[in-house]
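Heads up, target.cif below (mmCIF, C-alpha atoms and all ligand atoms):
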data_work
#
loop_
_atom_site.label_atom_id
_atom_site.label_comp_id
_atom_site.auth_asym_id
_atom_site.auth_seq_id
_atom_site.Cartn_x
_atom_site.Cartn_y
_atom_site.Cartn_z
CA MET A 246 -6.73 -16.24 30.98
CA THR A 247 -10.42 -15.38 31.10
CA LYS A 248 -12.74 -17.12 28.70
CA GLU A 249 -15.10 -15.39 26.34
CA THR A 250 -17.89 -16.47 24.06
CA VAL A 251 -16.82 -16.45 20.44
CA VAL A 252 -19.40 -16.97 17.71
CA PHE A 253 -18.43 -17.90 14.18
CA THR A 254 -19.57 -20.12 11.37
CA VAL A 255 -17.76 -23.37 10.65
CA ASN A 256 -18.74 -25.27 7.53
CA ASP A 257 -22.06 -23.42 7.41
CA ARG A 258 -22.91 -24.18 11.04
CA VAL A 259 -22.97 -21.41 13.61
CA GLU A 260 -20.69 -22.36 16.48
CA GLN A 261 -20.64 -20.68 19.84
CA THR A 262 -17.65 -21.54 21.93
CA VAL A 263 -16.48 -20.35 25.34
CA VAL A 264 -12.71 -20.18 25.16
CA SER A 265 -9.70 -18.06 25.82
CA PRO A 266 -9.95 -15.55 22.95
CA GLU A 267 -6.25 -16.01 22.22
CA LYS A 268 -6.57 -19.75 21.72
CA PRO A 269 -5.49 -20.66 18.19
CA LEU A 270 -8.38 -21.49 15.89
CA LEU A 271 -6.70 -24.79 15.02
CA TRP A 272 -7.11 -26.09 18.58
CA VAL A 273 -10.70 -24.93 18.79
CA LEU A 274 -11.44 -26.80 15.56
CA ARG A 275 -9.58 -29.94 16.52
CA ASP A 276 -10.20 -30.22 20.26
CA GLU A 277 -13.56 -28.61 20.74
CA LEU A 278 -15.36 -29.08 17.45
CA ASP A 279 -13.78 -32.44 16.62
CA LEU A 280 -12.70 -31.29 13.16
CA THR A 281 -9.33 -32.99 12.98
CA GLY A 282 -8.75 -32.74 9.24
CA SER A 283 -6.69 -29.56 9.66
CA LYS A 284 -3.25 -30.65 10.81
CA TYR A 285 -0.69 -29.29 13.24
CA GLY A 286 2.75 -29.07 11.71
CA CYS A 287 4.71 -26.19 13.16
CA GLY A 288 2.37 -23.89 15.08
CA ARG A 289 4.21 -20.90 13.66
CA ALA A 290 2.73 -20.35 10.18
CA LEU A 291 5.74 -21.98 8.58
CA CYS A 292 4.31 -25.09 6.93
CA GLY A 293 0.68 -24.60 5.87
CA ALA A 294 -0.61 -27.94 7.24
CA CYS A 295 -3.29 -26.16 9.27
CA THR A 296 -4.70 -24.08 6.37
CA VAL A 297 -8.43 -23.35 6.51
CA HIS A 298 -10.50 -20.71 4.73
CA VAL A 299 -11.65 -17.64 6.60
CA ASP A 300 -14.23 -15.82 4.51
CA GLY A 301 -12.82 -17.72 1.54
CA GLN A 302 -9.16 -16.79 2.08
CA PRO A 303 -6.58 -19.43 3.02
CA THR A 304 -5.50 -18.77 6.60
CA ARG A 305 -3.11 -20.52 8.96
CA ALA A 306 -5.34 -21.71 11.78
CA CYS A 307 -2.38 -22.44 14.07
CA VAL A 308 -1.58 -18.74 14.53
CA THR A 309 -5.07 -17.28 14.19
CA PRO A 310 -6.49 -16.38 17.61
CA VAL A 311 -10.05 -17.62 17.68
CA LYS A 312 -11.28 -14.11 18.51
CA ALA A 313 -10.04 -13.03 15.05
CA VAL A 314 -12.74 -15.15 13.38
CA GLU A 315 -15.62 -13.77 15.46
CA GLY A 316 -18.55 -13.35 13.07
CA LYS A 317 -16.60 -14.86 10.17
CA ARG A 318 -17.09 -17.89 7.98
CA VAL A 319 -14.55 -20.68 8.48
CA THR A 320 -14.36 -23.59 6.08
CA THR A 321 -12.31 -26.67 6.82
CA ILE A 322 -11.25 -29.65 4.72
CA GLU A 323 -14.20 -31.63 6.11
CA ALA A 324 -16.68 -29.54 4.12
CA LEU A 325 -14.80 -29.22 0.87
CA SER A 326 -16.17 -32.32 -0.83
CA GLU A 327 -19.65 -30.81 -0.54
CA THR A 328 -18.75 -28.27 -3.20
CA GLU A 329 -18.42 -29.20 -6.85
CA LEU A 330 -14.86 -27.92 -7.05
CA GLY A 331 -13.88 -29.57 -3.77
CA ALA A 332 -15.22 -32.92 -4.97
CA ARG A 333 -13.27 -32.58 -8.23
CA VAL A 334 -10.08 -31.77 -6.33
CA GLN A 335 -10.63 -34.82 -4.18
CA ARG A 336 -11.01 -37.01 -7.28
CA ALA A 337 -7.88 -35.49 -8.84
CA TRP A 338 -5.86 -36.13 -5.70
CA LYS A 339 -6.99 -39.74 -5.63
CA SER A 340 -6.57 -40.40 -9.30
CA LEU A 341 -3.10 -38.83 -9.56
CA ASN A 342 -1.90 -40.25 -6.25
CA VAL A 343 -0.96 -36.80 -5.06
CA PRO A 344 -0.56 -37.64 -1.37
CA GLN A 345 2.31 -39.75 -0.11
CA CYS A 346 2.26 -39.58 3.68
CA GLY A 347 -0.66 -37.16 3.31
CA TYR A 348 0.13 -35.00 6.32
CA CYS A 349 0.39 -31.73 4.39
CA GLN A 350 -2.42 -32.49 1.99
CA SER A 351 -5.45 -31.01 3.69
CA GLY A 352 -3.56 -27.71 3.72
CA GLN A 353 -2.48 -28.14 0.11
CA ILE A 354 -6.05 -28.89 -0.97
CA MET A 355 -7.45 -25.86 0.87
CA ALA A 356 -4.87 -23.68 -0.88
CA VAL A 357 -5.60 -25.21 -4.28
CA VAL A 358 -9.36 -24.78 -4.01
CA ALA A 359 -8.94 -21.11 -3.11
CA LEU A 360 -6.49 -20.66 -5.99
CA LEU A 361 -8.82 -22.22 -8.57
CA ARG A 362 -11.69 -20.06 -7.37
CA ALA A 363 -9.61 -16.91 -7.71
CA ILE A 364 -7.69 -17.88 -10.85
CA PRO A 365 -9.52 -20.62 -12.77
CA LYS A 366 -6.65 -21.16 -15.21
CA PRO A 367 -3.50 -20.60 -13.18
CA THR A 368 -0.02 -20.59 -14.66
CA ASP A 369 2.87 -22.43 -13.01
CA GLN A 370 3.86 -19.10 -11.52
CA ASN A 371 0.37 -18.55 -10.09
CA ILE A 372 0.50 -22.04 -8.57
CA ASP A 373 3.92 -21.49 -7.03
CA GLU A 374 2.90 -18.12 -5.64
CA ALA A 375 -0.30 -19.49 -4.12
CA LEU A 376 1.27 -22.62 -2.65
CA SER A 377 4.72 -21.42 -1.66
CA GLY A 378 3.80 -21.48 2.02
CA ASN A 379 2.48 -25.06 1.92
CA ILE A 380 5.44 -27.33 2.54
CA CYS A 381 5.40 -30.99 1.49
CA ARG A 382 8.19 -33.03 3.03
CA CYS A 383 7.37 -35.84 0.60
CA GLY A 384 8.04 -33.48 -2.30
CA MET A 385 4.75 -33.96 -4.11
CA TYR A 386 4.95 -30.55 -5.75
CA PRO A 387 5.06 -31.87 -9.37
CA ARG A 388 1.93 -33.93 -8.80
CA ILE A 389 0.14 -31.03 -7.14
CA ARG A 390 1.00 -28.83 -10.10
CA LYS A 391 -0.16 -31.49 -12.58
CA ALA A 392 -3.42 -31.95 -10.69
CA VAL A 393 -4.07 -28.20 -10.68
CA HIS A 394 -3.49 -27.94 -14.43
CA GLU A 395 -5.77 -30.91 -15.14
CA LEU A 396 -8.47 -29.44 -12.92
CA ALA A 397 -8.12 -26.09 -14.66
CA ALA A 398 -8.59 -27.86 -17.99
CA GLY A 399 -11.92 -29.20 -16.72
CA GLY A 400 -10.72 -32.62 -15.60
CA PHE A 401 -12.26 -34.80 -12.87
CA ALA A 402 -15.78 -33.44 -13.43
CA MET B 191 49.34 37.17 5.45
CA ILE B 192 49.21 35.86 9.01
CA ARG B 193 45.71 37.23 9.33
CA LYS B 194 44.67 35.45 6.16
CA THR B 195 46.14 32.20 7.46
CA VAL B 196 44.31 32.60 10.77
CA PHE B 197 40.99 33.19 8.97
CA ALA B 198 41.60 30.20 6.76
CA GLY B 199 42.33 28.12 9.85
CA VAL B 200 39.15 29.31 11.54
CA ALA B 201 37.13 28.60 8.39
CA LEU B 202 38.61 25.12 8.24
CA ALA B 203 37.82 24.51 11.90
CA VAL B 204 34.23 25.73 11.39
CA SER B 205 33.74 23.53 8.38
CA MET B 206 35.15 20.55 10.30
CA VAL B 207 32.75 21.20 13.14
CA GLN B 208 29.92 21.49 10.60
CA ALA B 209 30.97 18.23 9.01
CA GLN B 210 30.88 16.54 12.40
CA THR B 211 27.57 18.07 13.47
CA PRO B 212 24.85 15.51 12.86
CA HIS B 213 22.39 16.49 10.19
CA PRO B 214 18.77 16.63 11.45
CA PHE B 215 17.95 13.73 9.14
CA ASP B 216 20.74 11.47 10.49
CA PRO B 217 18.82 9.95 13.43
CA ILE B 218 15.83 9.43 11.16
CA ALA B 219 17.94 7.68 8.52
CA GLU B 220 19.38 5.44 11.23
CA VAL B 221 15.89 4.18 12.01
CA LEU B 222 14.62 3.94 8.43
CA GLN B 223 17.68 1.94 7.40
CA HIS B 224 17.13 -0.63 10.14
CA PRO B 225 16.03 -4.05 8.86
CA ARG B 226 12.75 -3.71 10.82
CA CYS B 227 11.84 -1.06 8.23
CA LEU B 228 13.78 -2.26 5.18
CA ASN B 229 12.36 -5.79 5.22
CA CYS B 230 9.05 -4.41 3.98
CA HIS B 231 10.36 -1.26 2.26
CA THR B 232 12.02 -3.36 -0.43
CA LEU B 233 12.75 -2.72 -4.07
CA THR B 234 11.92 -6.32 -4.87
CA GLU B 235 8.74 -8.21 -5.65
CA TYR B 236 8.93 -9.84 -2.24
CA PRO B 237 9.59 -8.98 1.41
CA THR B 238 12.78 -9.96 3.18
CA GLN B 239 13.70 -11.24 6.61
CA SER B 240 16.90 -10.62 8.46
CA ARG B 241 19.37 -12.16 10.81
CA LYS B 242 21.49 -10.20 13.25
CA ILE B 243 25.19 -10.98 13.15
CA VAL B 244 27.47 -9.92 15.98
CA ASP B 245 31.17 -10.06 15.18
CA PRO B 246 32.67 -12.23 17.92
CA VAL B 247 35.86 -10.17 18.07
CA SER B 248 34.80 -6.57 17.59
CA GLY B 249 31.21 -6.92 18.74
CA ALA B 250 30.14 -5.00 15.62
CA VAL B 251 26.54 -5.63 14.64
CA SER B 252 25.46 -6.23 11.07
CA TYR B 253 22.42 -7.77 9.46
CA GLU B 254 22.03 -10.40 6.79
CA ARG B 255 18.84 -9.85 4.84
CA PHE B 256 17.35 -12.60 2.71
CA ARG B 257 14.15 -13.42 0.88
CA HIS B 258 11.13 -14.22 3.09
CA ALA B 259 11.35 -17.93 3.89
CA GLN B 260 7.88 -18.80 2.54
CA ARG B 261 8.78 -17.15 -0.78
CA VAL B 262 5.69 -15.00 -0.59
CA ILE B 263 5.28 -12.19 -3.10
CA ARG B 264 4.36 -8.51 -3.09
CA GLY B 265 1.24 -8.94 -5.25
CA GLU B 266 -0.60 -6.11 -6.96
CA ASP B 267 -1.38 -4.11 -3.84
CA GLY B 268 1.50 -5.10 -1.55
CA PHE B 269 -0.74 -7.50 0.38
CA GLY B 270 0.52 -10.70 -1.26
CA ALA B 271 -0.68 -13.15 -3.91
CA PRO B 272 -4.44 -13.32 -4.55
CA THR B 273 -4.84 -16.39 -2.34
CA LEU B 274 -1.74 -16.12 -0.18
CA LYS B 275 -2.18 -12.79 1.53
CA CYS B 276 0.20 -11.52 4.20
CA GLY B 277 -2.78 -11.83 6.54
CA ALA B 278 -2.93 -15.59 5.97
CA CYS B 279 -0.21 -15.78 8.60
CA HIS B 280 0.44 -12.32 10.06
CA GLN B 281 -2.20 -11.46 12.64
CA ASP B 282 -3.04 -8.12 14.23
CA THR B 283 -0.54 -8.81 16.99
CA ASN B 284 2.58 -10.91 17.48
CA VAL B 285 1.54 -14.48 18.25
CA ALA B 286 3.12 -17.88 18.97
CA ASP B 287 5.09 -16.38 21.88
CA GLY B 288 6.23 -13.55 19.64
CA LYS B 289 7.80 -15.88 17.09
CA MET B 290 5.17 -14.96 14.52
CA PRO B 291 5.24 -11.20 14.01
CA GLY B 292 2.01 -9.35 13.41
CA ALA B 293 0.37 -5.93 13.32
CA PRO B 294 -2.79 -4.59 11.68
CA HIS B 295 -2.73 -4.27 7.87
CA TRP B 296 0.57 -6.16 7.54
CA HIS B 297 1.82 -5.55 3.99
CA LEU B 298 4.71 -4.29 1.91
CA ALA B 299 5.30 -0.60 1.38
CA PRO B 300 4.76 0.39 -2.27
CA LEU B 301 7.73 -0.01 -4.61
CA SER B 302 7.97 3.79 -4.82
CA MET B 303 8.86 3.72 -1.14
CA GLY B 304 11.53 1.05 -1.52
CA TRP B 305 14.48 2.29 0.51
CA GLU B 306 17.06 -0.43 -0.02
CA GLY B 307 20.44 0.89 -1.09
CA LEU B 308 19.49 4.58 -0.88
CA ASN B 309 22.00 6.98 0.63
CA ARG B 310 20.75 9.40 3.27
CA ARG B 311 20.03 12.13 0.76
CA ASP B 312 17.99 9.94 -1.58
CA LEU B 313 16.21 8.37 1.35
CA CYS B 314 15.26 11.82 2.62
CA LEU B 315 14.13 13.01 -0.81
CA THR B 316 12.10 9.84 -1.37
CA LEU B 317 10.45 10.12 2.02
CA LYS B 318 9.28 13.66 1.28
CA ASP B 319 8.33 13.12 -2.35
CA THR B 320 4.53 13.27 -2.41
CA SER B 321 4.48 11.52 -5.79
CA LYS B 322 6.10 8.52 -4.06
CA ASN B 323 4.88 8.62 -0.47
CA GLY B 324 1.15 8.51 -1.09
CA GLY B 325 0.67 12.29 -1.10
CA LYS B 326 1.87 12.81 2.47
CA SER B 327 2.95 16.28 3.59
CA LEU B 328 5.59 16.62 6.30
CA GLU B 329 2.76 16.94 8.80
CA ASP B 330 1.15 13.76 7.45
CA LEU B 331 4.50 12.00 7.77
CA VAL B 332 4.73 13.01 11.42
CA THR B 333 1.27 11.54 12.04
CA HIS B 334 2.22 8.41 10.10
CA VAL B 335 5.37 7.67 12.09
CA GLU B 336 3.61 8.55 15.30
CA LYS B 337 0.51 6.39 14.86
CA ASP B 338 0.76 3.83 12.06
CA ALA B 339 0.45 0.33 13.48
CA LEU B 340 3.21 -1.09 11.30
CA VAL B 341 5.61 1.71 12.22
CA LEU B 342 4.89 1.16 15.90
CA TRP B 343 5.43 -2.57 15.47
CA GLY B 344 9.07 -1.75 14.63
CA TRP B 345 9.56 -1.07 18.34
CA GLU B 346 7.47 -4.04 19.51
CA PRO B 347 8.58 -6.71 17.09
CA GLY B 348 8.25 -9.68 19.45
CA GLY B 349 10.47 -12.72 19.80
CA ASP B 350 14.19 -12.00 19.87
CA ARG B 351 14.00 -9.40 17.11
CA ASP B 352 15.91 -6.26 17.93
CA THR B 353 14.61 -2.75 17.45
CA PRO B 354 16.14 0.43 16.04
CA SER B 355 18.40 1.80 18.76
CA PRO B 356 16.59 5.11 19.42
CA SER B 357 13.32 4.58 21.27
CA HIS B 358 10.12 5.54 19.47
CA ASP B 359 9.77 8.59 21.74
CA SER B 360 13.24 9.78 20.88
CA PHE B 361 12.63 9.07 17.19
CA MET B 362 9.49 11.23 17.37
CA VAL B 363 11.43 14.11 18.92
CA ASP B 364 13.96 13.94 16.08
CA PHE B 365 11.32 13.50 13.42
CA ILE B 366 9.26 16.45 14.58
CA ALA B 367 12.39 18.63 14.80
CA TRP B 368 13.31 17.64 11.23
CA ALA B 369 9.79 18.29 9.94
CA ASP B 370 9.62 21.63 11.78
CA ALA B 371 12.87 22.63 10.09
CA GLY B 372 11.17 22.08 6.72
CA GLY B 373 12.50 18.57 6.14
CA PRO B 374 16.09 19.39 5.16
CA CYS B 375 18.01 16.67 3.32
CA PRO B 376 21.74 15.95 3.76
CA GLU B 377 24.19 16.30 0.90
CA ASN B 378 24.82 12.59 0.63
S1 LIG A 501 0.85 -25.79 11.64
FE1 LIG A 501 0.09 -23.93 10.90
S2 LIG A 501 1.48 -23.36 9.39
FE2 LIG A 501 2.39 -25.11 10.27
S1 LIG A 502 2.49 -35.81 1.27
FE1 LIG A 502 3.84 -36.10 2.92
S2 LIG A 502 4.26 -34.07 3.55
FE2 LIG A 502 3.15 -33.80 1.78
#
Starting from the coordinates I provided, produce the structure as structure tokens.
Amino acid sequence: MTKETVVFTVNDRVEQTVVSPEKPLLWVLRDELDLTGSKYGCGRALCGACTVHVDGQPTRACVTPVKAVEGKRVTTIEALSETELGARVQRAWKSLNVPQCGYCQSGQIMAVVALLRAIPKPTDQNIDEALSGNICRCGMYPRIRKAVHELAAGGFA
Amino acid sequence: MIRKTVFAGVALAVSMVQAQTPHPFDPIAEVLQHPRCLNCHTLTEYPTQSRKIVDPVSGAVSYERFRHAQRVIRGEDGFGAPTLKCGACHQDTNVADGKMPGAPHWHLAPLSMGWEGLNRRDLCLTLKDTSKNGGKSLEDLVTHVEKDALVLWGWEPGGDRDTPSPSHDSFMVDFIAWADAGGPCPEN
């Protein structure tokens, strides 16, 4: 497949990459830009481990052709702690021992940050609806929910 | 008396032929009631997925429809929850070797266009009802089924998903004929 130049912003840096335009964003991030925080779980948008933000919206990088983010703003887990909310989420995750194996957690955190930006005081239903596509084989859902509620109440500032 | 009986017999034969003649809406209903359409034309707060079941003895085909595996929701505008949009996963085209279906503006049809459980008559009336179909005239409906990316996806669904049995071209012939006839609806 012929390669093309794709230009997009990753974590506030403009990146120009020459790739097959169909290549999934996840592999451009991981293999070419060395941003390995976004994980590969299923490659079929079934698990949420690869979740990044594209123009602020959670997006499954494993099924997003890189050409689809041309001119867009991609944020990965690596940059989240630079924001106030991201740093608070990080503290909450640590303090409440949210991760077990941790494999799903960068995706969970990306989804939670987007949720709290859109709905600062989410209900359990809001949380379930926002995170239903992020699967945790270790079953950390109760801790994720607790962390979200504590963050919404202003915790971990 | 004999004459009367003959006429009655002819009338019966005519009405039987009429009953067997397909209604112009029949081939359209066959497509609209296919899971490729119904999975997003739901009456629920979520989309569905489906599994094809072939009876091993008779070969009869049926479909099992069930809630979308990721338990995603309709949301206010049919495009999902505020931070879990359909577009978080569904791209403009099928990806992952067709396993992940996609088409532009992937979303649920509005609740007013939920078709689950409707008989052919109600399906036909709903389809034409401009208070339910987004103000579309019969002509607009023709354009919609001819060009809308999500409609067209129904015939290019990727992976091992099957399609409605009439081709899109044949569906268009039937649809235009139905619209040209004024959009008649069957009795049931
Ligand atoms: S790896 Fe992308 S959703 Fe599973
Ligand atoms: S913490 Fe192990 S899969 Fe979620």
At a cut-off of 9 Å, using only C-alpha atoms, what residues contact B:Gly292? Leave out same-chain residues fewer than 4 positions from it and give the result as a PyMOL selection string. chain B and resi 277+279-285+288+296+340+343+347-348
Please produce a file of the residues just selected, as a JSON list (two decimals), in the frame of the given file, where the atoms kept are C-alpha atoms.
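Output saved as again.json:
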[["chain", "number", "residue", "atom", "x", "y", "z"],
["B", 277, "GLY", "CA", -2.78, -11.83, 6.54],
["B", 279, "CYS", "CA", -0.21, -15.78, 8.60],
["B", 280, "HIS", "CA", 0.44, -12.32, 10.06],
["B", 281, "GLN", "CA", -2.20, -11.46, 12.64],
["B", 282, "ASP", "CA", -3.04, -8.12, 14.23],
["B", 283, "THR", "CA", -0.54, -8.81, 16.99],
["B", 284, "ASN", "CA", 2.58, -10.91, 17.48],
["B", 285, "VAL", "CA", 1.54, -14.48, 18.25],
["B", 288, "GLY", "CA", 6.23, -13.55, 19.64],
["B", 296, "TRP", "CA", 0.57, -6.16, 7.54],
["B", 340, "LEU", "CA", 3.21, -1.09, 11.30],
["B", 343, "TRP", "CA", 5.43, -2.57, 15.47],
["B", 347, "PRO", "CA", 8.58, -6.71, 17.09],
["B", 348, "GLY", "CA", 8.25, -9.68, 19.45]]
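For the choices A:Glu315, A:Glu249, A:Asp373, A:Asp276, the atom-to-atom distance to chain B is smallest for A:Asp373 when using only C-alpha atoms.
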Please build the interface table for chain A against ligand LIG 501 (chain A) with a cut-off of 6 Å, listing for each qualifying residue the nearest atom pair and the distance in Å to one decimal; count only C-alpha atoms and all ligand atoms, order rows by chain and increasing number, and write it as CSV.
residue,atom,partner,partner_atom,distance
A:Tyr285,CA,A:LIG501,S1,4.1
A:Gly286,CA,A:LIG501,S1,3.8
A:Cys287,CA,A:LIG501,FE2,3.9
A:Gly288,CA,A:LIG501,S1,4.2
A:Arg289,CA,A:LIG501,S2,5.6
A:Ala290,CA,A:LIG501,S2,3.4
A:Leu291,CA,A:LIG501,S2,4.6
A:Cys292,CA,A:LIG501,FE2,3.9
A:Gly293,CA,A:LIG501,S2,3.8
A:Ala294,CA,A:LIG501,S1,5.1
A:Cys295,CA,A:LIG501,FE1,4.4
A:Arg305,CA,A:LIG501,FE1,5.1
A:Ala306,CA,A:LIG501,FE1,5.9
A:Cys307,CA,A:LIG501,FE1,4.3
From (-8.4, -28.9, -15.3), in the file's coordinates, out to 10 Å: which residues are reached, counting only C-alpha atoms? Answer as a count of residues only. 19
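Going from atom CA of B:Ser302 over to atom CA of B:Asp267, you cover 12.3 Å.
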Counting all atoms listed in the file, which residues of chain B come no farther than 6 Å from chain A, as a PyMOL selection string? chain B and resi 260-261+273-274+278-279
Could you please extract the residues within 9 Å of ligand LIG 502 (chain A), counting all atoms listed in the file, and hand them back as a short mmCIF file (atom, residue, chain, number, x, y, z; two decimals) with C-alpha atoms, in the coordinates of the input?
data_model
loop_
_atom_site.label_atom_id
_atom_site.label_comp_id
_atom_site.auth_asym_id
_atom_site.auth_seq_id
_atom_site.Cartn_x
_atom_site.Cartn_y
_atom_site.Cartn_z
CA ALA A 294 -0.61 -27.94 7.24
CA VAL A 343 -0.96 -36.80 -5.06
CA PRO A 344 -0.56 -37.64 -1.37
CA GLN A 345 2.31 -39.75 -0.11
CA CYS A 346 2.26 -39.58 3.68
CA GLY A 347 -0.66 -37.16 3.31
CA TYR A 348 0.13 -35.00 6.32
CA CYS A 349 0.39 -31.73 4.39
CA GLN A 350 -2.42 -32.49 1.99
CA GLN A 353 -2.48 -28.14 0.11
CA ASN A 379 2.48 -25.06 1.92
CA ILE A 380 5.44 -27.33 2.54
CA CYS A 381 5.40 -30.99 1.49
CA ARG A 382 8.19 -33.03 3.03
CA CYS A 383 7.37 -35.84 0.60
CA GLY A 384 8.04 -33.48 -2.30
CA MET A 385 4.75 -33.96 -4.11
CA TYR A 386 4.95 -30.55 -5.75
#
With only C-alpha atoms as the atoms that count, which of B:Asn229, B:Pro300, B:Gln223, B:Pro237 lies nearest to B:Ser321? B:Pro300
Two-atom distance - atom CA of A:Val263, atom CA of A:Thr321 (Å): 20.0 Å
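For the pair atom CA of A:Gln370 and atom CA of B:Cys230, the interatomic distance is 22.0 Å.
The nearest approach to B:Gly344 among the residues B:Arg241, B:Leu222, B:Cys375, B:Val262, with only C-alpha atoms taken into account, belongs to B:Leu222.
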Give me the residues within 9 Å of A:Val251 as a ChimeraX atom specification, counting all atoms listed in the file and dropping any in the same chain fewer than 2 places off. /A:249,253,260-264,266,311-312,314-316
Take the residues from that selection and write them out as an mmCIF file, in the frame of the given file, keeping C-alpha atoms.
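File produced: again.cif:
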data_model
loop_
_atom_site.group_PDB
_atom_site.id
_atom_site.type_symbol
_atom_site.label_atom_id
_atom_site.label_comp_id
_atom_site.auth_asym_id
_atom_site.auth_seq_id
_atom_site.Cartn_x
_atom_site.Cartn_y
_atom_site.Cartn_z
ATOM 1 C CA GLU A 249 -15.100 -15.390 26.340
ATOM 2 C CA PHE A 253 -18.430 -17.900 14.180
ATOM 3 C CA GLU A 260 -20.690 -22.360 16.480
ATOM 4 C CA GLN A 261 -20.640 -20.680 19.840
ATOM 5 C CA THR A 262 -17.650 -21.540 21.930
ATOM 6 C CA VAL A 263 -16.480 -20.350 25.340
ATOM 7 C CA VAL A 264 -12.710 -20.180 25.160
ATOM 8 C CA PRO A 266 -9.950 -15.550 22.950
ATOM 9 C CA VAL A 311 -10.050 -17.620 17.680
ATOM 10 C CA LYS A 312 -11.280 -14.110 18.510
ATOM 11 C CA VAL A 314 -12.740 -15.150 13.380
ATOM 12 C CA GLU A 315 -15.620 -13.770 15.460
ATOM 13 C CA GLY A 316 -18.550 -13.350 13.070
#
So that all listed atoms of stretch 264-281 of chain A fit with 4 Å spare on each side, what axis-aligned box centre and edge lengths in Å, to one decimal, would you give as AutoDock Vina command-line options?
--center_x -10.4 --center_y -24.3 --center_z 19.4 --size_x 17.9 --size_y 25.4 --size_z 20.8
Would you list the residues near (18.1, 19.0, 13.4) (no more than 8 Å away, in the coordinates of the file, using only C-alpha atoms) as a compact mmCIF listing (two decimals) with C-alpha atoms, in the coordinates of the input?
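Result saved to out11.txt:
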# COMPACT_ATOMS: atom_id res chain seq x y z
CA PRO B 212 24.85 15.51 12.86
CA HIS B 213 22.39 16.49 10.19
CA PRO B 214 18.77 16.63 11.45
CA PHE B 215 17.95 13.73 9.14
CA ASP B 364 13.96 13.94 16.08
CA ALA B 367 12.39 18.63 14.80
CA TRP B 368 13.31 17.64 11.23
CA ALA B 371 12.87 22.63 10.09
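Nearest to A:Asp300 of all the residues A:Asp257, A:Glu327, A:Glu277, A:Asp369 is A:Asp257, based on all atoms listed in the file.
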Identify which of the residues A:Leu280, A:Met246, A:Pro387, A:Thr254 lies closest to A:Arg318, counting all atoms listed in the file when measuring atom-to-atom distances. A:Thr254
